[in-house]
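Enquirer: I'd like to ask some things about the structure below.
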Amino acid sequence: MAIKYELIKECKQSGARLGKIHTPHGIIETPIFMPVGTQATVKTMTKEELEDIKSQIILSNTYHLYLRPGHELIKQAGGLHKFMNWDKPILTDSGGFQVFSLGDMRKIREEGVEFRSHLDGSKHFISPEKAVEIQNALGSDIMMVFDECAPYPADRKYVLDSLERTTRWAKRCKEAHNNTANQSLFGIIQGGMYNDLRKISAEQIIDLDFPGYAVGGLSVGEPKPLMYEVLEHTTPLMPKDKPRYLMGVGSPDCLLEGVIRGIDMFDCVLPTRIGRNGTAMTSQGRVVIKNAKHVDAFEPLDPECGCYTCQNYSKAYLRHLIKANEVLGLRLMTYHNLYFLLKLMEEVREAIKEDRLLDYKRNFFTKYGYN
């Protein structure tokens, strides 16, 4: 296998896992948050800035890179690492979530999914084999199987049919994967909000023996308590000696709750997206920088933060940049939010190491403003 998971310890207070994922492009310390670089770039961030904030791995999107600039061009460039000048690990999702979110612009068949591009309306078809072909060309360290992400809410019959198709597609993905020495293919557990269906999906996907497993189909609009309940039921079904990845989660509360329930890896566009819209995650909770009260606030965004933004610029200046639609404002807010989440996960790893994660969570929630 191209990757290997090393379980270092479990927190005595919470049961959370501290580990390492060994990949062809370096070691990832877990639990970890992965910044999302949808189109072979983490929006507004340079490689050097990502290294400065200690990004260990980034995620890119198969669907978007297939449409533009095309996986063959990226392969010709020497793969995604060389194309984007990033020498650390990369995870690519399968494009399944993006394709299924197209709604009326796509048709699901057993062979795969026919869809129209959101860019120009052109027709395309992605099968499990095609999703693997694209990711093989991209050369990511971790690839994802092509799955069907059921919406929320969805009736039981739909979710059952969906998870069984996901299993069949996962088998086809594994058979099509031809670079196992350098790239690892992760399976995805589906089953919606039905715990018994999650168990069925987990058994079927784990039986295929992938080097890592993701929990898909959560954070799709369901209440957070329901997501936590499904996680509590699902993660104990997953192997202890392989990475566990919760897809599409990136708010501080969900990261902490996910770690406590045994998750190792997370990704989400949330920190970059809200940053570009003028919202910051801080040790005192969210700050909406456009609010009038910040017009003459000459203190840092977060007095407890050591990031470049907080060490050099005031809330008043950031508000001016965002209100004036200056690119620097987007960059500085994005930088801060990613730094904040990566620092949070660093502190989480330390708390697991010292068997005090529940105490850390309690203190963090109080300061951040969570109930």
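The chains in the structure tokens are called A, B, ... from first to last as shown; in each chain the residues are counted from 1, and the ligands are counted from 1 in the order shown.
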Name the residues in contact with Thr279 in chain A at a cut-off of 7 Å, using only C-alpha atoms, excluding same-chain residues fewer than 5 positions from it; report them as an MDAnalysis selection string.

Expert: chainID A and resid 274 286:289

Enquirer: Excluding Ile134 in chain A and its own-chain neighbours fewer than 2 positions away, which residues fall within 9 Å of it when counting only C-alpha atoms? Please give them as a list in words.

Expert: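 Listing them by chain and then by number gives Thr62, Tyr63, Leu65, Tyr66, Gly70, His71, Glu72, Ser94, Glu129, Lys130, Ala131, Val132, Asn136, Ala137, Leu138 and Gly139 of chain A.
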
Enquirer: Considering only C-alpha atoms, return as a ChimeraX atom specification whatever protein or nucleic-acid residues lie within 9 Å of range 156-167 of chain A, sequence-local ones (same chain, fewer than 4 positions apart) excluded.

Expert: /A:110,145-151,171-172,187-194,197-198,200-201,204-205,208

Enquirer: Could you pull the residues within 7 Å of range 243-253 of chain A, counting only C-alpha atoms, minus those fewer than 4 positions along the same chain, as a list in words?

Expert: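 Neighbouring residues, sequence-local ones excluded: Tyr5, Gly212, Tyr213, Ala214, Val215, Gly216, Ser219, Glu257, Ile263, Asp264, Met265, Phe266, Asp267, Cys268 and Leu270 of chain A.
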
Enquirer: Restricted to N, CA and C atoms, what would the selected residues look like written as a CSV table (one decimal), in the first residue's frame?

Expert:
```
chain,number,residue,atom,x,y,z
A,5,TYR,N,-1.0,3.8,8.1
A,5,TYR,CA,-1.5,4.5,9.3
A,5,TYR,C,-0.8,4.0,10.5
A,212,GLY,N,-7.9,3.0,3.6
A,212,GLY,CA,-8.4,4.0,4.5
A,212,GLY,C,-9.9,4.1,4.1
A,213,TYR,N,-10.7,4.8,5.1
A,213,TYR,CA,-12.1,4.8,4.9
A,213,TYR,C,-12.7,6.2,5.2
A,214,ALA,N,-13.6,6.7,4.5
A,214,ALA,CA,-14.3,7.9,4.7
A,214,ALA,C,-15.7,7.7,5.1
A,215,VAL,N,-16.3,8.6,5.9
A,215,VAL,CA,-17.7,8.7,6.2
A,215,VAL,C,-18.3,9.8,5.3
A,216,GLY,N,-19.0,9.4,4.3
A,216,GLY,CA,-19.7,10.3,3.4
A,216,GLY,C,-21.1,10.6,3.7
A,219,SER,N,-23.0,16.2,7.0
A,219,SER,CA,-22.8,17.6,6.8
A,219,SER,C,-23.5,18.0,5.4
A,257,GLU,N,-15.9,17.7,17.9
A,257,GLU,CA,-16.9,16.6,18.1
A,257,GLU,C,-16.5,15.3,17.3
A,263,ILE,N,-12.5,10.3,14.6
A,263,ILE,CA,-12.2,10.7,13.2
A,263,ILE,C,-10.7,11.3,13.2
A,264,ASP,N,-10.0,11.0,12.1
A,264,ASP,CA,-8.6,11.5,11.9
A,264,ASP,C,-8.4,12.6,10.9
A,265,MET,N,-9.3,12.7,9.9
A,265,MET,CA,-9.1,13.6,8.8
A,265,MET,C,-10.4,14.4,8.5
A,266,PHE,N,-10.2,15.7,8.2
A,266,PHE,CA,-11.4,16.5,7.9
A,266,PHE,C,-11.0,17.4,6.7
A,267,ASP,N,-12.0,17.9,5.9
A,267,ASP,CA,-11.8,18.9,4.9
A,267,ASP,C,-13.1,19.7,4.8
A,268,CYS,N,-12.9,21.0,4.4
A,268,CYS,CA,-14.1,21.8,4.1
A,268,CYS,C,-13.7,23.1,3.5
A,270,LEU,N,-15.3,25.8,4.2
A,270,LEU,CA,-15.8,26.8,5.1
A,270,LEU,C,-14.8,27.9,5.5
```

Enquirer: List every residue of range 10-82 of chain A that DSSP, applied to the backbone, labels as alpha helix (DSSP H), and write the result as a list of chain:residue names.

Expert: A:Lys47, A:Glu48, A:Glu49, A:Leu50, A:Glu51, A:Asp52, A:Thr62, A:Tyr63, A:His64, A:Leu65, A:Tyr66, A:Leu67, A:His71, A:Glu72, A:Leu73, A:Ile74, A:Lys75, A:Gln76, A:Leu80, A:His81, A:Lys82

Enquirer: Mind running range 26-123 of chain A against range 294-316 of chain A at 10 Å and telling me each contacting residue's nearest atom pair with the distance in Å (one decimal), counting only C-alpha atoms, chain and number ascending, as a Markdown table?

Expert:
```
| residue | atom | partner | partner_atom | distance |
| --- | --- | --- | --- | --- |
| A:Glu49 | CA | A:Tyr308 | CA | 9.6 |
| A:Asp52 | CA | A:Cys307 | CA | 9.2 |
| A:Ile53 | CA | A:Cys307 | CA | 7.8 |
```

Enquirer: Keeping C-alpha atoms for every residue in the selection just given, could you write it to a file as a PDB file, in the first residue's frame?

Expert:
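See part-v4.pdb below for the written result:
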```pdb
ATOM      1  CA  GLU A  49       1.913  30.747   2.845  1.00  0.00           C
ATOM      2  CA  ASP A  52       4.001  28.982   6.861  1.00  0.00           C
ATOM      3  CA  ILE A  53       0.696  27.974   8.468  1.00  0.00           C
TER       4      ILE A  53
END
```
